[in-house]
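Novice: Have a peek at input-v6.csv (CSV, C-alpha atoms).
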```
chain,number,residue,atom,x,y,z
A,1,MET,CA,-11.7,26.3,12.4
A,2,ASN,CA,-8.3,26.5,10.7
A,3,THR,CA,-5.1,27.8,12.2
A,4,HIS,CA,-3.0,27.7,9.1
A,5,HIS,CA,-4.5,29.6,6.3
A,6,ARG,CA,-1.3,29.9,4.3
A,7,GLY,CA,1.7,27.8,3.5
A,8,ARG,CA,4.7,28.5,1.4
A,9,TRP,CA,7.5,26.1,0.3
A,10,PRO,CA,10.4,26.2,-2.1
A,11,ILE,CA,10.0,24.0,-5.1
A,12,THR,CA,12.7,21.3,-5.0
A,13,ALA,CA,13.2,17.8,-6.4
A,14,ASP,CA,11.3,16.5,-3.3
A,15,LEU,CA,7.9,16.8,-5.0
A,16,ALA,CA,6.5,14.1,-2.7
A,17,PHE,CA,7.1,16.4,0.3
A,18,LEU,CA,5.3,19.2,-1.6
A,19,ARG,CA,2.4,17.0,-2.3
A,20,ARG,CA,2.1,16.0,1.3
A,21,GLN,CA,2.0,19.6,2.4
A,22,LEU,CA,-0.6,20.4,-0.3
A,23,ARG,CA,-2.8,17.5,0.7
A,24,ASP,CA,-2.7,18.5,4.4
A,25,HIS,CA,-3.5,22.1,3.7
A,26,ALA,CA,-6.2,21.4,1.2
A,27,ALA,CA,-7.9,18.8,3.4
A,28,GLY,CA,-7.7,21.3,6.3
A,29,ALA,CA,-9.5,23.8,4.1
A,30,GLY,CA,-12.3,21.4,3.5
A,31,LEU,CA,-11.4,20.1,0.0
A,32,GLY,CA,-11.7,16.3,-0.3
A,33,GLY,CA,-12.2,13.4,-2.6
A,34,THR,CA,-11.7,13.8,-6.3
A,35,ARG,CA,-11.4,17.6,-6.1
A,36,LEU,CA,-8.5,17.3,-3.7
A,37,ASP,CA,-6.9,14.8,-6.0
A,38,ASP,CA,-7.5,17.1,-9.0
A,39,LEU,CA,-5.8,20.0,-7.3
A,40,LEU,CA,-2.9,17.8,-6.2
A,41,ILE,CA,-2.3,16.5,-9.7
A,42,ALA,CA,-2.5,20.1,-11.2
A,43,ALA,CA,-0.2,21.7,-8.6
A,44,ASN,CA,2.3,18.8,-9.1
A,45,GLU,CA,2.3,19.5,-12.8
A,46,ALA,CA,2.9,23.2,-12.2
A,47,ALA,CA,5.8,22.5,-9.8
A,48,THR,CA,7.2,19.9,-12.3
A,49,ASN,CA,7.1,22.6,-15.0
A,50,VAL,CA,9.2,24.8,-12.8
A,51,LEU,CA,11.8,22.0,-12.3
A,52,GLU,CA,11.8,21.1,-16.0
A,53,HIS,CA,11.5,24.5,-17.8
A,54,GLY,CA,11.2,27.2,-15.2
A,55,GLY,CA,14.7,27.6,-14.0
A,56,GLY,CA,14.8,24.6,-11.6
A,57,GLY,CA,13.6,26.5,-8.6
A,58,GLY,CA,10.7,28.6,-7.4
A,59,THR,CA,8.0,28.8,-4.7
A,60,LEU,CA,4.6,27.3,-4.1
A,61,THR,CA,2.1,29.1,-2.0
A,62,ILE,CA,-1.2,27.8,-0.9
A,63,TRP,CA,-3.9,29.7,1.0
A,64,HIS,CA,-7.7,29.8,1.4
A,65,ASP,CA,-10.4,32.2,2.4
A,66,GLY,CA,-14.1,31.5,2.8
A,67,THR,CA,-14.8,30.8,-0.9
A,68,ASP,CA,-11.6,29.6,-2.6
A,69,LEU,CA,-8.5,27.5,-2.2
A,70,THR,CA,-5.6,29.0,-4.2
A,71,VAL,CA,-2.2,27.6,-5.2
A,72,ASP,CA,0.4,30.0,-6.7
A,73,VAL,CA,3.4,28.5,-8.4
A,74,VAL,CA,6.1,31.0,-9.3
A,75,ASP,CA,9.2,30.2,-11.4
A,76,THR,CA,12.4,32.1,-11.9
A,77,VAL,CA,12.6,32.5,-15.7
A,78,GLY,CA,9.2,34.0,-16.6
A,79,ARG,CA,8.7,32.2,-19.9
A,80,LEU,CA,5.1,31.3,-19.4
A,81,THR,CA,2.6,33.9,-20.6
A,82,PRO,CA,-1.1,34.4,-20.0
A,83,LEU,CA,-1.8,32.9,-23.4
A,84,ASP,CA,-0.3,29.5,-22.3
A,85,VAL,CA,-3.5,28.7,-20.4
A,86,HIS,CA,-5.4,28.3,-23.7
A,87,ARG,CA,-3.5,25.2,-24.8
A,88,ARG,CA,-5.5,22.7,-26.8
A,89,ARG,CA,-5.6,19.1,-25.9
A,90,PRO,CA,-2.3,17.7,-27.1
A,91,SER,CA,-2.8,15.2,-29.9
A,92,ALA,CA,-0.6,12.7,-28.1
A,93,PRO,CA,-0.1,12.5,-24.3
A,94,MET,CA,3.6,12.3,-25.0
A,95,ASP,CA,3.7,16.0,-26.2
A,96,ARG,CA,5.0,18.8,-24.1
A,97,GLY,CA,2.2,21.0,-22.9
A,98,PHE,CA,0.2,18.0,-21.7
A,99,GLY,CA,0.7,19.1,-18.1
A,100,MET,CA,-0.5,22.6,-19.0
A,101,TRP,CA,-3.6,21.2,-20.6
A,102,LEU,CA,-4.3,19.0,-17.6
A,103,MET,CA,-4.2,22.0,-15.2
A,104,GLY,CA,-6.9,23.7,-17.1
A,105,GLN,CA,-9.0,20.5,-17.1
A,106,LEU,CA,-8.6,19.8,-13.4
A,107,CYS,CA,-9.0,23.2,-11.7
A,108,ASP,CA,-11.9,25.7,-11.5
A,109,GLU,CA,-9.5,28.5,-12.4
A,110,PHE,CA,-6.2,28.4,-14.1
A,111,THR,CA,-4.4,31.7,-14.9
A,112,ILE,CA,-0.9,32.8,-15.6
A,113,ARG,CA,0.6,36.2,-14.8
A,114,GLN,CA,4.0,37.6,-15.7
A,115,LEU,CA,5.8,39.3,-12.9
A,116,SER,CA,9.2,40.8,-13.3
A,117,GLY,CA,11.3,38.0,-14.7
A,118,ARG,CA,9.0,35.4,-13.3
A,119,SER,CA,5.8,33.6,-14.2
A,120,GLN,CA,3.1,32.8,-11.8
A,121,VAL,CA,0.7,30.0,-12.3
A,122,ARG,CA,-2.5,30.3,-10.3
A,123,LEU,CA,-4.7,27.3,-9.6
A,124,ARG,CA,-8.0,27.8,-7.8
A,125,MET,CA,-10.7,25.5,-6.4
A,126,ARG,CA,-14.0,26.8,-5.1
A,127,LEU,CA,-14.7,25.6,-1.6
A,128,SER,CA,-18.3,24.5,-1.0
A,129,THR,CA,-19.9,26.3,1.9
B,1,MET,CA,12.7,11.7,1.5
B,2,THR,CA,11.9,12.0,-2.3
B,3,ALA,CA,9.3,9.9,-4.0
B,4,ALA,CA,10.2,6.3,-4.7
B,5,VAL,CA,8.6,3.6,-6.8
B,6,HIS,CA,9.2,0.0,-5.8
B,7,LEU,CA,9.2,-2.9,-8.3
B,8,ASP,CA,8.0,-6.3,-7.4
B,9,PRO,CA,8.3,-8.9,-10.2
B,10,HIS,CA,5.7,-11.7,-10.3
B,11,PRO,CA,6.9,-14.2,-12.9
B,12,ASP,CA,4.2,-16.5,-14.2
B,13,ASP,CA,5.4,-20.0,-15.4
B,14,THR,CA,2.6,-20.3,-17.9
B,15,LEU,CA,3.6,-17.0,-19.6
B,16,PRO,CA,7.4,-16.9,-20.0
B,17,GLN,CA,7.0,-14.2,-22.7
B,18,THR,CA,5.3,-11.9,-20.3
B,19,LEU,CA,7.1,-9.6,-17.7
B,20,VAL,CA,4.7,-9.1,-14.8
B,21,ILE,CA,5.6,-6.4,-12.3
B,22,ALA,CA,3.7,-4.8,-9.4
B,23,LEU,CA,4.5,-1.1,-8.9
B,24,SER,CA,4.1,0.7,-5.6
B,25,GLY,CA,4.8,4.2,-4.4
B,26,GLU,CA,4.6,7.6,-6.1
B,27,LEU,CA,5.7,8.1,-9.7
B,28,ASP,CA,6.7,11.6,-10.7
B,29,TYR,CA,9.3,13.7,-12.6
B,30,THR,CA,12.0,12.8,-10.1
B,31,ASN,CA,11.9,9.0,-10.6
B,32,ALA,CA,10.1,8.4,-13.9
B,33,GLU,CA,13.3,8.0,-16.1
B,34,GLU,CA,14.9,5.7,-13.5
B,35,LEU,CA,11.8,3.5,-13.5
B,36,ARG,CA,11.8,3.2,-17.2
B,37,ALA,CA,15.4,2.0,-17.2
B,38,ARG,CA,14.7,-0.4,-14.3
B,39,ILE,CA,11.8,-2.0,-16.1
B,40,LEU,CA,13.7,-2.3,-19.4
B,41,ALA,CA,16.6,-3.9,-17.5
B,42,LEU,CA,14.1,-6.6,-16.2
B,43,LEU,CA,12.7,-7.3,-19.7
B,44,THR,CA,14.5,-10.3,-21.2
B,45,ALA,CA,15.1,-10.7,-24.9
B,46,GLU,CA,12.3,-13.3,-25.3
B,47,GLN,CA,9.7,-11.3,-23.4
B,48,SER,CA,7.3,-9.4,-25.6
B,49,CYS,CA,4.5,-8.5,-23.2
B,50,LEU,CA,4.3,-6.4,-20.1
B,51,VAL,CA,1.8,-6.5,-17.3
B,52,LEU,CA,2.0,-3.7,-14.8
B,53,ASP,CA,-0.1,-4.1,-11.6
B,54,LEU,CA,-0.7,-0.5,-10.4
B,55,ALA,CA,-2.8,-1.3,-7.3
B,56,ASP,CA,-0.3,0.4,-5.0
B,57,LEU,CA,0.9,3.2,-7.3
B,58,THR,CA,-0.8,6.0,-5.5
B,59,PHE,CA,0.4,8.9,-7.7
B,60,CYS,CA,1.4,9.3,-11.4
B,61,ASP,CA,2.1,12.6,-13.1
B,62,SER,CA,2.5,13.4,-16.8
B,63,THR,CA,6.1,12.4,-16.8
B,64,GLY,CA,5.1,9.0,-15.5
B,65,ILE,CA,2.5,8.7,-18.2
B,66,ARG,CA,5.2,9.5,-20.8
B,67,ILE,CA,7.2,6.5,-19.3
B,68,PHE,CA,4.3,4.2,-19.8
B,69,LEU,CA,3.9,5.3,-23.4
B,70,ALA,CA,7.7,4.9,-24.0
B,71,LEU,CA,7.5,1.3,-22.6
B,72,ARG,CA,4.5,0.7,-24.8
B,73,THR,CA,6.5,1.6,-27.9
B,74,VAL,CA,9.2,-0.9,-27.0
B,75,ILE,CA,6.6,-3.6,-26.4
B,76,ILE,CA,4.7,-2.9,-29.6
B,77,ASP,CA,7.9,-3.2,-31.5
B,78,ARG,CA,8.2,-6.7,-30.2
B,79,GLY,CA,4.7,-7.5,-31.3
B,80,GLY,CA,3.3,-7.5,-27.8
B,81,VAL,CA,0.9,-5.6,-25.6
B,82,VAL,CA,1.2,-3.6,-22.3
B,83,SER,CA,-1.6,-4.4,-19.8
B,84,LEU,CA,-2.2,-2.1,-16.9
B,85,THR,CA,-4.2,-3.4,-14.0
B,86,ASP,CA,-5.8,-2.4,-10.7
B,87,LEU,CA,-5.6,1.3,-11.4
B,88,HIS,CA,-5.9,3.5,-8.3
B,89,PRO,CA,-8.9,5.9,-8.6
B,90,ARG,CA,-6.5,8.8,-8.9
B,91,LEU,CA,-4.7,7.2,-11.9
B,92,ASP,CA,-7.9,6.0,-13.4
B,93,ARG,CA,-9.3,9.5,-13.5
B,94,VAL,CA,-6.3,10.9,-15.3
B,95,PHE,CA,-6.2,7.9,-17.7
B,96,GLN,CA,-9.9,8.4,-18.6
B,97,MET,CA,-9.6,12.1,-18.9
B,98,THR,CA,-6.6,11.9,-21.3
B,99,GLY,CA,-7.9,9.1,-23.4
B,100,LEU,CA,-4.9,7.0,-22.3
B,101,VAL,CA,-7.1,4.0,-21.5
B,102,HIS,CA,-7.2,3.5,-25.3
B,103,PHE,CA,-3.4,3.2,-25.6
B,104,PHE,CA,-3.2,0.2,-23.2
B,105,ALA,CA,-5.0,-3.0,-22.4
B,106,VAL,CA,-6.5,-1.9,-19.1
B,107,GLN,CA,-7.8,-4.8,-17.0
B,108,PRO,CA,-9.5,-4.8,-13.6
B,109,THR,CA,-7.0,-7.2,-12.0
B,110,ARG,CA,-3.6,-8.8,-12.7
B,111,ALA,CA,-5.3,-12.2,-12.9
B,112,ASP,CA,-7.6,-10.8,-15.6
B,113,ALA,CA,-4.7,-9.5,-17.6
B,114,LEU,CA,-2.9,-12.9,-17.4
B,115,ALA,CA,-6.0,-14.8,-18.4
B,116,VAL,CA,-6.4,-12.6,-21.5
B,117,LEU,CA,-2.8,-13.2,-22.5
B,118,ARG,CA,-3.2,-17.0,-22.0
B,119,ALA,CA,-6.3,-17.0,-24.1
B,120,HIS,CA,-5.1,-14.6,-26.8
B,121,PRO,CA,-1.3,-14.6,-27.1
B,122,PRO,CA,-0.5,-11.4,-29.1
B,123,GLY,CA,2.2,-13.1,-31.2
B,124,ALA,CA,-0.3,-15.8,-32.4
B,125,ALA,CA,-2.8,-13.2,-33.5
B,126,ALA,CA,-0.2,-11.2,-35.4
B,127,ARG,CA,1.3,-14.0,-37.5
B,128,PRO,CA,-1.5,-14.7,-40.0
B,129,ARG,CA,-1.6,-11.0,-41.0
B,130,LEU,CA,1.9,-11.0,-42.6
B,131,PRO,CA,1.6,-9.7,-46.2
B,132,ALA,CA,3.3,-12.8,-47.6
B,133,ASP,CA,0.4,-14.9,-46.4
B,134,GLY,CA,-2.2,-12.9,-48.3
```
How does the structure come out when it is put into structure tokens?
Specialist:
Amino acid sequence: MNTHHRGRWPITADLAFLRRQLRDHAAGAGLGGTRLDDLLIAANEAATNVLEHGGGGGTLTIWHDGTDLTVDVVDTVGRLTPLDVHRRRPSAPMDRGFGMWLMGQLCDEFTIRQLSGRSQVRLRMRLST
Amino acid sequence: MTAAVHLDPHPDDTLPQTLVIALSGELDYTNAEELRARILALLTAEQSCLVLDLADLTFCDSTGIRIFLALRTVIIDRGGVVSLTDLHPRLDRVFQMTGLVHFFAVQPTRADALAVLRAHPPGAAARPRLPADG
């Protein structure tokens, strides 16, 4: 059904381009409506984190199999740790960490791995069969 | 092409103290700060209320939300209110989830927001509550 199971792009200041690519791929994988919006918002927050705190550059990869749609966002400084997924709801939306909290709310799975000198944020949505 | 937000002012003769702007496009980290500056530049010294029509704002991230809250601080200092209207479903979801709806006067339409401001001007409501009056 799908001819493109994987997409990978550098994270640059053109976040609108990244969102268009994500939307196309996620829609092609069968994600739609609110759940597509949720993934889009979460992935945009992850990419924004890379621009703001993650060294200003990195990569975003999206792929899917029969059960899940996965987005990996990798930065170049590796400051995020697995513990950062457990952020509590910020007391004010102005606080830093708001985007991190949002990712956990919006996605079925939100994990962080530390690679050598980099951090990888993984966002995952189950695909209904 | 990076994301852009367009501003379309809609002055209302009956509400000279209110700045009314329709926003369209996508609001994100790359243009949020610029938008804040552009809105503040449009705000005249005598204006204390802000109505933002968001019908055609199709995306707003956490940095965009921070901008709305920063504008709210400026407006509250002037004794006014910020009304947000016609929220796109994508924005409405984030605003509900984060509790942001409680920080603003959210109205279904721009006309609703203007009607509320005409009926209840914020300045008039604030004046009797000065400590000197009590």
Novice: Please find the residues of chain A near chain B - the criterion being any atom within 8 Å, counting all atoms listed in the file - and write them as a PyMOL selection string.
Specialist: chain A and resi 13-17+34+37+41+44-45+48+93-94+98-99
Novice: Do you know which residues are at most 7 Å from Leu52 of chain B counting only C-alpha atoms, after dropping those on the same chain fewer than 5 positions away, and could you put them as a list of chain:residue names?
Specialist: B:Val20, B:Ile21, B:Ala22, B:Leu23, B:Ser83, B:Leu84, B:Thr85
Novice: Could you check how far atom CA of Ala42 of chain A sits from atom CA of Met100 of chain A, in Å to one decimal?
Specialist: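 Atom-to-atom, atom CA of Ala42 of chain A to atom CA of Met100 of chain A, that is 8.4 Å.
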Novice: Would you mind telling me which residue in B:Ser24, B:Phe104, B:Ala113, B:Asp8 lies nearest to Val81 of chain B when using only C-alpha atoms?
Specialist: B:Phe104
Novice: To one decimal place, how far is atom CA of Val74 of chain B from atom CA of Gln47 of chain B in Å?
Specialist: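 Calculated distance between atom CA of Val74 of chain B and atom CA of Gln47 of chain B is 11.0 Å.
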Novice: Neighbours of Ser119 of chain A within 6 Å (all atoms listed in the file; same-chain residues fewer than 4 positions away dropped), as a list of chain:residue names?
Specialist: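 Residues meeting the cut-off are A:Val74, A:Asp75, A:Gly78, A:Leu80, A:Arg113, A:Gln114, A:Leu115.
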Novice: When you draw a straight line from atom CA of Leu19 of chain B to atom CA of Thr58 of chain B, how long is it in Å?
Specialist: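 Result for atom CA of Leu19 of chain B versus atom CA of Thr58 of chain B: 21.3 Å, one decimal.
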Novice: I need the residue nearest Gly58 of chain A from this list: A:Val71, A:Thr76, A:Leu18, A:Gln120. Use only C-alpha atoms for the distance.
Specialist: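 Nearest candidate to Gly58 of chain A out of A:Val71, A:Thr76, A:Leu18, A:Gln120: A:Thr76.
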Novice: How would segment 15-84 of chain A look written as an mmCIF file, in the first residue's frame with C-alpha atoms?
Specialist:
```cif
data_model
loop_
_atom_site.group_PDB
_atom_site.id
_atom_site.type_symbol
_atom_site.label_atom_id
_atom_site.label_comp_id
_atom_site.auth_asym_id
_atom_site.auth_seq_id
_atom_site.Cartn_x
_atom_site.Cartn_y
_atom_site.Cartn_z
ATOM 1 C CA LEU A 15 9.941 23.719 10.766
ATOM 2 C CA ALA A 16 6.978 24.242 8.426
ATOM 3 C CA PHE A 17 8.703 22.060 5.822
ATOM 4 C CA LEU A 18 9.334 19.377 8.447
ATOM 5 C CA ARG A 19 5.671 19.465 9.513
ATOM 6 C CA ARG A 20 4.529 19.057 5.893
ATOM 7 C CA GLN A 21 6.785 16.026 5.431
ATOM 8 C CA LEU A 22 5.575 14.526 8.710
ATOM 9 C CA ARG A 23 1.931 15.098 7.858
ATOM 10 C CA ASP A 24 2.309 13.479 4.439
ATOM 11 C CA HIS A 25 4.124 10.461 5.795
ATOM 12 C CA ALA A 26 1.805 9.964 8.783
ATOM 13 C CA ALA A 27 -1.286 10.287 6.599
ATOM 14 C CA GLY A 28 0.212 7.773 4.169
ATOM 15 C CA ALA A 29 0.723 5.392 7.083
ATOM 16 C CA GLY A 30 -2.965 5.643 7.947
ATOM 17 C CA LEU A 31 -2.845 8.090 10.845
ATOM 18 C CA GLY A 32 -5.514 10.770 10.688
ATOM 19 C CA GLY A 33 -7.627 13.280 12.559
ATOM 20 C CA THR A 34 -6.712 14.220 16.108
ATOM 21 C CA ARG A 35 -4.041 11.537 16.394
ATOM 22 C CA LEU A 36 -2.189 12.875 13.386
ATOM 23 C CA ASP A 37 -2.422 16.378 14.872
ATOM 24 C CA ASP A 38 -1.118 15.069 18.204
ATOM 25 C CA LEU A 39 1.925 13.492 16.589
ATOM 26 C CA LEU A 40 2.534 16.626 14.543
ATOM 27 C CA ILE A 41 2.462 18.862 17.631
ATOM 28 C CA ALA A 42 4.692 16.478 19.624
ATOM 29 C CA ALA A 43 7.264 16.026 16.838
ATOM 30 C CA ASN A 44 7.354 19.793 16.284
ATOM 31 C CA GLU A 45 8.089 20.280 20.012
ATOM 32 C CA ALA A 46 10.915 17.729 19.824
ATOM 33 C CA ALA A 47 12.418 19.431 16.767
ATOM 34 C CA THR A 48 12.053 22.849 18.425
ATOM 35 C CA ASN A 49 13.955 21.530 21.449
ATOM 36 C CA VAL A 50 16.800 20.595 19.130
ATOM 37 C CA LEU A 51 16.897 24.115 17.678
ATOM 38 C CA GLU A 52 16.602 25.792 21.068
ATOM 39 C CA HIS A 53 18.665 23.567 23.393
ATOM 40 C CA GLY A 54 20.015 20.645 21.370
ATOM 41 C CA GLY A 55 22.867 22.210 19.460
ATOM 42 C CA GLY A 56 20.766 23.831 16.757
ATOM 43 C CA GLY A 57 20.870 20.857 14.395
ATOM 44 C CA GLY A 58 19.955 17.207 14.239
ATOM 45 C CA THR A 59 17.847 14.777 12.289
ATOM 46 C CA LEU A 60 14.250 13.665 12.277
ATOM 47 C CA THR A 61 13.383 10.198 11.048
ATOM 48 C CA ILE A 62 9.887 8.799 10.555
ATOM 49 C CA TRP A 63 8.968 5.258 9.674
ATOM 50 C CA HIS A 64 6.188 2.774 10.207
ATOM 51 C CA ASP A 65 5.539 -0.923 10.232
ATOM 52 C CA GLY A 66 2.279 -2.806 10.556
ATOM 53 C CA THR A 67 1.647 -1.718 14.150
ATOM 54 C CA ASP A 68 3.403 1.588 14.892
ATOM 55 C CA LEU A 69 4.352 4.902 13.425
ATOM 56 C CA THR A 70 7.636 6.082 14.937
ATOM 57 C CA VAL A 71 9.394 9.447 14.904
ATOM 58 C CA ASP A 72 12.994 9.706 16.132
ATOM 59 C CA VAL A 73 14.456 13.140 16.798
ATOM 60 C CA VAL A 74 18.200 13.181 17.431
ATOM 61 C CA ASP A 75 20.152 16.230 18.601
ATOM 62 C CA THR A 76 23.890 16.914 18.662
ATOM 63 C CA VAL A 77 24.524 17.687 22.346
ATOM 64 C CA GLY A 78 23.002 14.767 24.246
ATOM 65 C CA ARG A 79 21.765 16.698 27.263
ATOM 66 C CA LEU A 80 18.368 14.982 27.455
ATOM 67 C CA THR A 81 18.308 11.812 29.533
ATOM 68 C CA PRO A 82 15.755 8.996 29.896
ATOM 69 C CA LEU A 83 14.558 10.660 33.121
ATOM 70 C CA ASP A 84 13.380 13.733 31.228
#
```
